[in-house]
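For reference, start-v3.cif (mmCIF, C-alpha atoms):
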data_final
#
loop_
_atom_site.label_atom_id
_atom_site.label_comp_id
_atom_site.auth_asym_id
_atom_site.auth_seq_id
_atom_site.Cartn_x
_atom_site.Cartn_y
_atom_site.Cartn_z
CA MET A 1 -66.41 34.90 30.96
CA ASP A 2 -64.87 34.14 34.34
CA THR A 3 -65.13 36.98 36.83
CA ALA A 4 -62.73 38.08 39.53
CA ALA A 5 -65.07 36.46 42.06
CA ASP A 6 -64.87 33.16 40.14
CA ILE A 7 -61.08 33.27 40.18
CA THR A 8 -60.97 34.10 43.89
CA ALA A 9 -63.29 31.22 44.75
CA MET A 10 -61.39 28.69 42.65
CA ARG A 11 -58.04 29.82 44.03
CA ARG A 12 -59.44 29.26 47.50
CA ALA A 13 -60.52 25.76 46.43
CA VAL A 14 -56.96 25.04 45.22
CA THR A 15 -55.61 26.17 48.61
CA LEU A 16 -58.12 23.96 50.41
CA ALA A 17 -57.18 20.94 48.28
CA ALA A 18 -53.56 21.20 49.42
CA ARG A 19 -54.63 20.45 52.98
CA GLY A 20 -55.23 16.86 51.96
CA LEU A 21 -51.71 16.22 50.68
CA GLY A 22 -50.30 13.06 52.23
CA SER A 23 -53.59 11.70 53.56
CA THR A 24 -55.89 10.98 50.61
CA SER A 25 -54.04 8.37 48.54
CA PRO A 26 -54.95 6.53 46.46
CA ASN A 27 -57.52 9.29 45.95
CA PRO A 28 -56.80 12.79 44.63
CA VAL A 29 -56.62 15.97 46.65
CA VAL A 30 -59.71 18.10 45.95
CA GLY A 31 -61.01 21.40 47.26
CA CYS A 32 -64.50 22.89 46.95
CA VAL A 33 -66.07 26.29 47.63
CA ILE A 34 -69.84 26.92 47.55
CA THR A 35 -71.32 30.38 46.99
CA ASP A 36 -75.00 31.28 47.35
CA VAL A 37 -77.19 33.06 44.79
CA SER A 38 -75.71 36.41 45.82
CA GLY A 39 -72.11 35.18 45.40
CA ALA A 40 -71.30 34.98 49.12
CA VAL A 41 -69.20 32.02 50.26
CA VAL A 42 -71.42 29.72 52.32
CA GLY A 43 -69.46 26.47 52.39
CA GLU A 44 -65.95 25.12 52.02
CA GLY A 45 -64.43 21.66 52.12
CA PHE A 46 -61.60 19.41 51.04
CA HIS A 47 -61.11 15.67 50.70
CA GLN A 48 -59.45 14.67 53.96
CA ARG A 49 -58.85 10.93 53.67
CA ALA A 50 -59.50 8.01 51.35
CA GLY A 51 -62.89 6.49 52.06
CA GLY A 52 -64.17 9.66 53.69
CA PRO A 53 -66.54 12.28 52.26
CA HIS A 54 -65.37 14.09 49.16
CA ALA A 55 -64.70 17.82 49.08
CA GLU A 56 -68.10 18.63 47.58
CA VAL A 57 -69.93 16.80 50.35
CA HIS A 58 -68.02 18.64 53.09
CA ALA A 59 -68.74 21.99 51.41
CA LEU A 60 -72.45 21.18 50.83
CA ARG A 61 -72.87 20.16 54.47
CA ALA A 62 -71.38 23.47 55.56
CA ALA A 63 -73.61 25.41 53.17
CA GLY A 64 -76.88 23.63 53.96
CA GLU A 65 -79.96 25.14 52.30
CA ARG A 66 -77.95 28.21 51.28
CA ALA A 67 -76.38 26.08 48.51
CA ARG A 68 -79.67 25.99 46.56
CA GLY A 69 -79.33 28.06 43.41
CA GLY A 70 -75.67 28.69 44.13
CA THR A 71 -72.34 27.85 42.50
CA ALA A 72 -69.83 25.13 43.34
CA TYR A 73 -66.16 25.68 42.54
CA VAL A 74 -64.23 22.39 42.49
CA THR A 75 -60.61 21.71 41.61
CA LEU A 76 -61.44 18.36 39.95
CA GLU A 77 -64.48 17.32 37.92
CA PRO A 78 -67.11 15.94 40.33
CA CYS A 79 -67.04 12.15 40.32
CA ASP A 80 -69.88 10.25 38.67
CA HIS A 81 -69.56 6.80 40.21
CA THR A 82 -70.27 4.99 43.45
CA GLY A 83 -67.20 3.70 45.26
CA ARG A 84 -66.76 3.92 49.00
CA THR A 85 -68.86 7.09 48.76
CA GLY A 86 -71.65 8.15 46.42
CA PRO A 87 -71.28 10.23 43.23
CA CYS A 88 -70.63 13.92 43.87
CA SER A 89 -72.54 14.85 40.71
CA GLN A 90 -75.70 13.53 42.35
CA ALA A 91 -74.94 15.26 45.65
CA LEU A 92 -74.63 18.59 43.83
CA LEU A 93 -77.90 18.01 42.00
CA ALA A 94 -79.71 17.04 45.19
CA ALA A 95 -78.49 20.25 46.85
CA GLY A 96 -79.95 22.37 44.05
CA ILE A 97 -76.66 23.77 42.80
CA SER A 98 -77.30 25.68 39.55
CA ARG A 99 -73.72 26.15 38.35
CA VAL A 100 -70.55 24.08 38.74
CA VAL A 101 -67.11 25.39 37.81
CA TYR A 102 -64.35 22.77 37.85
CA ALA A 103 -60.70 23.27 37.01
CA VAL A 104 -59.55 19.90 35.68
CA GLY A 105 -61.40 17.03 34.03
CA ASP A 106 -61.19 13.67 35.80
CA PRO A 107 -58.92 11.35 33.75
CA ASP A 108 -59.97 8.26 35.73
CA PRO A 109 -62.32 6.30 33.44
CA ARG A 110 -64.12 4.90 36.49
CA ALA A 111 -65.11 8.32 37.83
CA THR A 112 -65.24 10.70 34.86
CA GLY A 113 -68.50 12.01 33.41
CA GLY A 114 -69.71 14.19 36.26
CA GLY A 115 -69.66 17.28 34.09
CA ASP A 116 -71.83 15.66 31.43
CA THR A 117 -74.27 14.37 34.05
CA LEU A 118 -74.65 17.86 35.49
CA ARG A 119 -75.16 19.42 32.07
CA ALA A 120 -77.77 16.82 31.16
CA ALA A 121 -79.67 17.81 34.30
CA GLY A 122 -79.65 21.48 33.35
CA VAL A 123 -76.75 22.65 35.49
CA ARG A 124 -74.24 25.05 33.96
CA ALA A 125 -71.00 23.06 34.16
CA GLU A 126 -67.83 24.90 33.13
CA ARG A 127 -64.33 23.49 32.91
CA GLY A 128 -60.84 24.98 32.88
CA LEU A 129 -60.72 27.84 35.39
CA LEU A 130 -57.22 27.94 36.97
CA ALA A 131 -56.52 24.54 35.42
CA ASP A 132 -52.74 24.96 35.61
CA GLU A 133 -52.83 25.76 39.33
CA ALA A 134 -55.17 22.86 40.07
CA GLU A 135 -53.05 20.50 37.95
CA ALA A 136 -49.90 21.50 39.84
CA GLY A 137 -51.57 20.92 43.19
CA ASN A 138 -52.83 17.49 42.15
CA ALA A 139 -49.80 16.50 40.06
CA ALA A 140 -49.06 13.28 41.93
CA TRP A 141 -52.51 11.77 41.51
CA LEU A 142 -52.96 12.99 37.93
CA THR A 143 -49.58 11.54 36.96
CA SER A 144 -50.42 8.21 38.56
CA VAL A 145 -53.70 7.96 36.63
CA ARG A 146 -52.30 9.10 33.30
CA LEU A 147 -49.03 7.12 33.39
CA GLY A 148 -49.98 4.22 35.64
CA ARG A 149 -47.05 4.82 38.00
CA PRO A 150 -46.32 6.97 41.05
CA TYR A 151 -45.22 10.57 40.69
CA VAL A 152 -41.54 10.94 41.62
CA LEU A 153 -40.11 14.02 43.33
CA TRP A 154 -36.32 14.02 43.69
CA LYS A 155 -35.09 16.03 46.64
CA TYR A 156 -31.46 16.80 47.37
CA ALA A 157 -29.45 19.16 49.55
CA ALA A 158 -26.14 20.57 48.34
CA THR A 159 -23.61 23.34 48.60
CA LEU A 160 -23.55 26.15 46.05
CA ASP A 161 -20.88 24.22 44.16
CA GLY A 162 -23.14 21.17 43.98
CA ARG A 163 -21.56 18.95 46.66
CA ILE A 164 -23.67 16.74 48.92
CA ALA A 165 -20.75 15.85 51.20
CA ALA A 166 -17.13 16.77 51.80
CA ALA A 167 -14.19 14.78 50.47
CA ASP A 168 -14.09 12.76 53.72
CA ALA A 169 -17.83 11.91 53.28
CA THR A 170 -19.02 14.12 56.16
CA SER A 171 -22.29 15.90 55.40
CA ARG A 172 -23.96 16.86 58.71
CA TRP A 173 -25.04 19.44 58.21
CA ILE A 174 -24.77 21.21 54.88
CA THR A 175 -28.20 22.84 55.09
CA SER A 176 -29.88 24.68 57.95
CA PRO A 177 -32.41 23.41 60.52
CA GLU A 178 -35.08 25.33 58.62
CA ALA A 179 -34.33 23.48 55.38
CA ARG A 180 -34.25 20.11 57.13
CA ALA A 181 -37.63 20.88 58.73
CA ASP A 182 -39.01 21.70 55.29
CA VAL A 183 -37.95 18.25 54.08
CA HIS A 184 -40.23 16.75 56.71
CA ARG A 185 -43.09 18.66 55.07
CA LEU A 186 -42.20 16.96 51.78
CA ARG A 187 -42.18 13.59 53.54
CA ALA A 188 -45.56 14.28 55.10
CA GLU A 189 -47.00 15.03 51.65
CA ALA A 190 -45.59 11.86 50.06
CA ASP A 191 -46.96 8.32 50.10
CA ALA A 192 -43.48 6.79 50.11
CA VAL A 193 -39.90 7.89 50.85
CA LEU A 194 -37.22 6.10 48.85
CA VAL A 195 -33.47 5.74 49.39
CA GLY A 196 -30.81 3.43 48.02
CA SER A 197 -28.32 1.10 49.60
CA GLY A 198 -25.58 3.74 49.72
CA THR A 199 -27.69 6.08 51.85
CA ALA A 200 -28.91 3.21 54.02
CA ARG A 201 -25.36 2.01 54.63
CA ALA A 202 -23.83 5.45 55.26
CA ASP A 203 -26.57 7.17 57.27
CA ASP A 204 -28.85 4.45 58.72
CA PRO A 205 -31.80 6.82 58.14
CA GLN A 206 -35.12 6.47 59.94
CA LEU A 207 -37.05 8.19 57.09
CA GLY A 208 -40.08 9.11 59.19
CA VAL A 209 -41.88 12.42 59.48
CA ARG A 210 -41.00 14.47 62.55
CA GLY A 211 -42.25 17.81 63.80
CA ILE A 212 -45.56 17.83 61.86
CA GLU A 213 -48.60 17.21 64.02
CA GLY A 214 -51.09 14.72 62.63
CA ALA A 215 -48.89 13.69 59.71
CA THR A 216 -49.44 10.28 58.13
CA GLN A 217 -46.17 8.37 58.14
CA PRO A 218 -45.13 7.48 54.57
CA LEU A 219 -44.12 4.03 53.44
CA ARG A 220 -40.33 3.73 53.84
CA VAL A 221 -38.62 2.04 50.90
CA VAL A 222 -34.95 1.06 50.64
CA LEU A 223 -33.48 -0.25 47.37
CA ASP A 224 -31.00 -2.80 48.65
CA THR A 225 -30.30 -4.90 45.57
CA ASP A 226 -28.04 -7.48 47.18
CA ALA A 227 -29.67 -7.28 50.65
CA THR A 228 -26.42 -6.15 52.27
CA ALA A 229 -27.14 -2.57 53.41
CA VAL A 230 -30.08 -3.00 55.79
CA ARG A 231 -29.13 -5.14 58.77
CA PRO A 232 -31.13 -6.25 61.82
CA GLY A 233 -31.50 -3.26 64.14
CA ALA A 234 -31.49 -0.69 61.33
CA ARG A 235 -33.56 2.38 62.19
CA VAL A 236 -35.76 1.87 59.14
CA LEU A 237 -36.95 -1.39 60.74
CA ASP A 238 -38.04 0.29 63.97
CA GLY A 239 -41.76 -0.33 63.41
CA ALA A 240 -42.64 3.38 63.52
CA ALA A 241 -43.91 3.26 59.94
CA PRO A 242 -44.45 0.63 57.25
CA THR A 243 -41.26 -0.42 55.47
CA LEU A 244 -40.27 -2.25 52.30
CA ILE A 245 -36.75 -3.44 51.52
CA ALA A 246 -36.54 -4.00 47.77
CA VAL A 247 -34.02 -6.73 46.92
CA ALA A 248 -33.15 -8.73 43.84
CA ASP A 249 -35.04 -11.94 43.15
CA ASP A 250 -31.87 -13.96 43.81
CA ALA A 251 -30.57 -12.03 46.84
CA PRO A 252 -30.30 -13.88 50.21
CA ALA A 253 -32.58 -11.90 52.53
CA GLY A 254 -33.22 -14.29 55.41
CA HIS A 255 -31.92 -11.73 57.89
CA LEU A 256 -34.73 -9.32 57.02
CA PRO A 257 -38.37 -9.50 58.20
CA ALA A 258 -40.22 -11.49 55.55
CA THR A 259 -43.11 -9.03 55.51
CA ALA A 260 -40.75 -6.18 54.66
CA VAL A 261 -39.02 -7.84 51.72
CA LEU A 262 -40.05 -6.88 48.19
CA ARG A 263 -38.37 -9.04 45.56
CA LEU A 264 -37.82 -7.49 42.15
CA PRO A 265 -35.94 -8.37 38.96
CA ARG A 266 -32.52 -6.89 38.44
CA ALA A 267 -32.11 -4.11 35.90
CA ALA A 268 -31.66 -5.41 32.37
CA ALA A 269 -28.54 -3.26 31.98
CA GLY A 270 -26.11 -2.12 34.65
CA ARG A 271 -26.43 -2.50 38.40
CA GLY A 272 -29.49 -2.17 40.57
CA LEU A 273 -33.11 -3.17 40.27
CA ASP A 274 -35.67 -2.75 37.51
CA LEU A 275 -37.16 0.67 38.28
CA ASP A 276 -40.31 0.04 36.24
CA ALA A 277 -40.97 -3.08 38.30
CA LEU A 278 -40.37 -1.11 41.49
CA LEU A 279 -42.78 1.66 40.54
CA ASP A 280 -45.37 -0.89 39.41
CA ALA A 281 -45.14 -2.68 42.75
CA LEU A 282 -45.56 0.58 44.66
CA HIS A 283 -48.48 1.66 42.49
CA VAL A 284 -50.29 -1.62 43.17
CA ARG A 285 -49.85 -0.88 46.89
CA GLY A 286 -51.67 2.44 46.52
CA VAL A 287 -48.57 4.63 46.36
CA ARG A 288 -49.26 7.65 44.15
CA SER A 289 -46.28 9.82 45.10
CA VAL A 290 -42.66 8.98 45.90
CA LEU A 291 -40.13 11.29 47.54
CA LEU A 292 -36.74 10.21 46.23
CA GLU A 293 -34.14 11.01 48.88
CA GLY A 294 -31.46 8.65 47.68
CA GLY A 295 -27.89 9.59 46.89
CA PRO A 296 -26.39 10.50 43.53
CA THR A 297 -26.31 6.94 42.13
CA LEU A 298 -30.01 6.26 42.66
CA ALA A 299 -30.94 9.76 41.49
CA GLY A 300 -28.89 9.22 38.34
CA ALA A 301 -30.70 5.96 37.64
CA PHE A 302 -34.11 7.62 37.96
CA VAL A 303 -33.09 10.56 35.75
CA ALA A 304 -31.65 8.18 33.14
CA ALA A 305 -34.91 6.22 33.13
CA GLY A 306 -36.99 9.38 32.68
CA LYS A 307 -38.81 8.80 35.97
CA VAL A 308 -38.26 12.15 37.72
CA ASP A 309 -41.30 14.44 37.60
CA LYS A 310 -40.09 17.23 39.88
CA VAL A 311 -36.81 18.32 41.45
CA VAL A 312 -36.52 20.18 44.75
CA GLY A 313 -33.00 21.30 45.55
CA TYR A 314 -31.94 22.89 48.85
CA LEU A 315 -28.83 24.98 48.19
CA ALA A 316 -26.73 26.14 51.13
CA PRO A 317 -24.39 29.16 50.95
CA VAL A 318 -21.40 26.87 51.45
CA LEU A 319 -18.45 25.88 49.26
CA LEU A 320 -16.53 22.60 49.52
CA GLY A 321 -14.60 22.27 46.27
CA ALA A 322 -14.46 18.48 46.48
CA GLY A 323 -16.73 15.62 47.39
CA PRO A 324 -19.58 13.78 45.65
CA ALA A 325 -21.93 15.71 43.39
CA ALA A 326 -25.70 15.64 43.83
CA LEU A 327 -26.22 13.65 40.62
CA ALA A 328 -24.12 10.76 39.35
CA ASP A 329 -24.14 9.24 35.87
CA ALA A 330 -27.57 9.75 34.32
CA GLY A 331 -26.70 8.52 30.83
CA ILE A 332 -26.03 12.06 29.60
CA THR A 333 -22.81 12.26 27.60
CA THR A 334 -23.14 15.54 25.69
CA ILE A 335 -24.75 18.93 26.29
CA SER A 336 -27.46 18.31 23.70
CA GLN A 337 -28.75 15.46 25.88
CA ALA A 338 -29.01 17.61 29.02
CA LEU A 339 -32.28 17.36 30.91
CA ARG A 340 -33.61 20.90 30.75
CA LEU A 341 -35.82 22.08 33.60
CA ASP A 342 -38.28 24.90 34.11
CA VAL A 343 -37.95 26.58 37.51
CA THR A 344 -41.41 26.88 39.06
CA GLU A 345 -40.39 28.39 42.38
CA SER A 346 -37.42 29.70 44.32
CA ALA A 347 -37.74 30.53 47.99
CA ALA A 348 -35.48 31.39 50.90
CA ILE A 349 -35.64 28.76 53.64
CA GLY A 350 -33.64 30.17 56.53
CA PRO A 351 -30.19 30.95 55.09
CA ASP A 352 -30.68 28.43 52.26
CA LEU A 353 -32.39 28.58 48.88
CA ARG A 354 -35.04 26.07 47.83
CA VAL A 355 -35.35 25.71 44.06
CA THR A 356 -38.24 23.75 42.57
CA ALA A 357 -38.17 22.70 38.91
CA VAL A 358 -39.91 20.34 36.51
CA PRO A 359 -38.71 18.80 33.25
CA ALA A 360 -39.20 21.29 30.44
CA PRO A 361 -41.14 20.39 27.31
CA ALA A 362 -38.85 19.36 24.45
CA ARG A 363 -37.52 22.40 22.65
CA LYS A 364 -36.48 22.59 19.02
CA GLY A 365 -32.74 22.39 18.66
CA ASN A 366 -32.22 20.54 21.95
#
Once you've parsed the file, please lay out its structure as C-alpha cells.
Amino acid sequence: MDTAADITAMRRAVTLAARGLGSTSPNPVVGCVITDVSGAVVGEGFHQRAGGPHAEVHALRAAGERARGGTAYVTLEPCDHTGRTGPCSQALLAAGISRVVYAVGDPDPRATGGGDTLRAAGVRAERGLLADEAEAGNAAWLTSVRLGRPYVLWKYAATLDGRIAAADATSRWITSPEARADVHRLRAEADAVLVGSGTARADDPQLGVRGIEGATQPLRVVLDTDATAVRPGARVLDGAAPTLIAVADDAPAGHLPATAVLRLPRAAAGRGLDLDALLDALHVRGVRSVLLEGGPTLAGAFVAAGKVDKVVGYLAPVLLGAGPAALADAGITTISQALRLDVTESAAIGPDLRVTAVPAPARKGN
C-alpha cells in the first residue's frame, strides 16, 4: 500500500517533470526523486532537453552512493532501450536501487519494458501511483505516441458574452496584461504555435515567446491556404524563430521563402487545408504539442475534426453584445451534438478568469 511519503515523493516528481515543458520534444517530460534506505530525499532530477540525460540519471548523480538500497519515484516507466542515452533501467540497477515506483507505463514500443527488466533483476517495481496527475502533466507526449499526432491545445480570449472582438473588429485589448503574459507561458510550453490566414491578415502576429527567460521559441505555423495572407515583411518571417507557412499544393507561393513553405492537400470538403495532413507533417518534424491561437474559423475546423485535446479560455469581465464569437461553425447543428467538456481548472489571472477544460468522455444520452 502506498504511504503518505510515497505520495509526497511522487507528487514532487510530477512537479519536477513540469520544468521540462517546452524543451524536451520529441521526448517526454519526466521527473524523478530518489530516497535513501531511511526514506530521506537524497536526489532529484528532471529531463531537461532531448538528447540530454534523463530524469533518473540526474537524480542518481545527485544522490550518489546514498541511492544504494533506496527508492526511485519516476513519473514515467524507466526506459529500457539505448537511444542518444543509455537505458534508465540499467542505470537504476547499477546504482543499487531496491525499489522503483513509476506513475505511468511507457506506451512507446521502442522504450517500454523497463519495469519488467527491473522486476527480473529483483527490484520491486510498482506502477500507478498518481497516474492521473502524471498523465495530465505529460499529456502532449502521451497523446502523440498513442495517436500518432501532436496534442492540440486551443486557446482563446473573450468577453463574458463570448466575443473575441467588437463589431468594428477592434480587439486590443479584451484581456488584461496578466492574462496576455500567461499566454506566453503557454507558448513557451508548446512545440508549435498555429494561426490561420484570418489572424495573420488582421493582426500580423509575431507569435514568439516574450518575457520568459530561457524559453525555447516554438515553431510558428500559419495556415494560409491560398498564400495570400502572409506577405514579404510579415512579422512571422522576422527570423526570430523557425516558421512554416502551410499553403495548398496548387497555391502560388513564390513570394514566400522556399524553406518556410509547407505544401499540403486541400480539405476534401469545404475550405482550408487537410488538417490530418498538417498534423502528420508537424509530427514528422518532431512537434508533439500545438498551441492553436487561430480565430473562430480555424478553431471551428479543429473542433469539427475532433482534433482539440484541451481548451484554455481567458474570460474578461467585459460585455460587447456584438462582434465575432470565439468559435465559428464546428459542424454542430443540434444540442445533442454539443462537445461536452470537463473543467479541470479555473483560476483568476489578474482581473480575468482562466478556464481549462478537456473533452468529456461520451455520456449515455448525449
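One distance worth recording is that between CA of Arg49 (chain A) and CA of Cys32 (chain A), which is 14.8 Å.
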Next item on the list: Could you expand the PyMOL selection byres ((chain A and resi 272) around 9) into the explicit residues it covers here, written as a ChimeraX atom specification?
Entry: /A:223-226,248,266-267,269-271,273-275,298,301
Note to self: Residues within 12 Å of Arg68 (chain A), please, as JSON, numbers by chain. Count all atoms listed in the file; anything in the same chain fewer than 4 positions from it doesn't count.
What the structure shows: {"A": [34, 35, 36, 37, 38, 39, 42, 43, 60, 61, 63, 64, 72, 91, 92, 93, 94, 95, 96, 97, 98, 99, 123]}
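Here the question is which of A:Val230, A:Arg149, A:Gly162, A:Ala125 gets nearest to Ala277 (chain A) using only C-alpha atoms, and that residue is A:Arg149.
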Next item on the list: Please identify all polymer residues within 10 Å of Leu339 (chain A), counting only C-alpha atoms, omitting same-chain residues fewer than 3 positions from it, and present them as a count of residues only.
Entry: 12
Check: In Å, how far is it from CA of Gly198 (chain A) to CA of Ala229 (chain A)?
Finding: 7.5 Å
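Remark: for Val222 (chain A), the closest of the candidate residues A:Asp309, A:Asp204, A:Glu56, A:Asp2 is A:Asp204 (distances computed over all atoms listed in the file).
Once the PyMOL selection byres ((chain A and resi 314) around 10) is applied to the shown structure, the selection contains A:Lys155, A:Tyr156, A:Ala157, A:Ala158, A:Thr159, A:Leu160, A:Ile174, A:Thr175, A:Ser176, A:Ala179, A:Arg180, A:Asp182, A:Val183, A:Val311, A:Val312, A:Gly313, A:Leu315, A:Ala316, A:Ser346, A:Ala347, A:Ala348, A:Ile349, A:Asp352, A:Leu353, A:Arg354, A:Val355, A:Thr356.
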Next item on the list: Please write the residues picked by the PyMOL selection byres ((chain A and resi 87) around 12) on this file as a PyMOL selection string.
Entry: chain A and resi 53-57+77-86+88-94+110-115+117-118
Item checked: Protein and nucleic acid residues near (-54.6, 8.1, 36.2) (cut-off 6 Å, all atoms listed in the file) as an NGL selection string -> :A and (107-108 or 142 or 144-146)
Item checked: Among the residues A:Ala40, A:Ala139, A:Ala121, A:Ala169, the one that comes closest to Ala17 (chain A) [using all atoms listed in the file] -> A:Ala139
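Relative to CA of Gly286 (chain A), CA of Gln217 (chain A) is found at 14.2 Å.
Using only C-alpha atoms, every residue with an atom at most 10 Å from the point (-38.5, -4.7, 59.8) is listed here: Val230, Arg231, Pro232, Gly233, Ala234, Arg235, Val236, Leu237, Asp238, Gly239, Ala240, Ala241, Pro242, Thr243, Leu244, Ile245, His255, Leu256, Pro257, Ala258, Thr259, Ala260 and Val261 of chain A.
Minimum distance to Val221 (chain A) across A:Leu194, A:Val209, A:Val100, A:Ala202 (counting only C-alpha atoms) occurs at A:Leu194.
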Next item on the list: Name all residues at most 9 Å from Thr216 (chain A) (count only C-alpha atoms; drop same-chain ones fewer than 6 positions away) and give them as a PyMOL selection string.
Entry: chain A and resi 22-23+188-189+191+209
Next item on the list: For Ala140 (chain A), please output as number ranges by chain all residues within 8 Å (counting only C-alpha atoms; exclusion window: fewer than 2 positions along the same chain).
Entry: A: 138, 142-144, 150-152, 288-289
Quick one: write out the picked residues with C-alpha atoms as a PDB file, in the coordinates of the input?
ATOM      1  CA  ASN A 138     -52.830  17.490  42.150  1.00  0.00           C
ATOM      2  CA  LEU A 142     -52.960  12.990  37.930  1.00  0.00           C
ATOM      3  CA  THR A 143     -49.580  11.540  36.960  1.00  0.00           C
ATOM      4  CA  SER A 144     -50.420   8.210  38.560  1.00  0.00           C
ATOM      5  CA  PRO A 150     -46.320   6.970  41.050  1.00  0.00           C
ATOM      6  CA  TYR A 151     -45.220  10.570  40.690  1.00  0.00           C
ATOM      7  CA  VAL A 152     -41.540  10.940  41.620  1.00  0.00           C
ATOM      8  CA  ARG A 288     -49.260   7.650  44.150  1.00  0.00           C
ATOM      9  CA  SER A 289     -46.280   9.820  45.100  1.00  0.00           C
TER      10      SER A 289
END
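Near region 3-8 of chain A, within 12 Å and counting only C-alpha atoms, sit Arg12, Ala13, Val14, Thr15, Val33, Ile34, Thr35, Ser38, Gly39, Ala40, Val41, Thr71, Ala72, Tyr73, Val74, Thr75, Arg99, Val100, Val101, Tyr102, Ala103, Glu126, Gly128, Leu129, Leu130, Ala131, Glu133 and Ala134 of chain A; same-chain residues fewer than 4 positions away were not included.
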Next item on the list: Go through A:Leu262, A:Ala136, A:Val343, A:Ala59 one by one, measure the shortest atom-to-atom distance of each to Val29 (chain A) using only C-alpha atoms, and give the residue with the smallest value.
Entry: A:Ala136
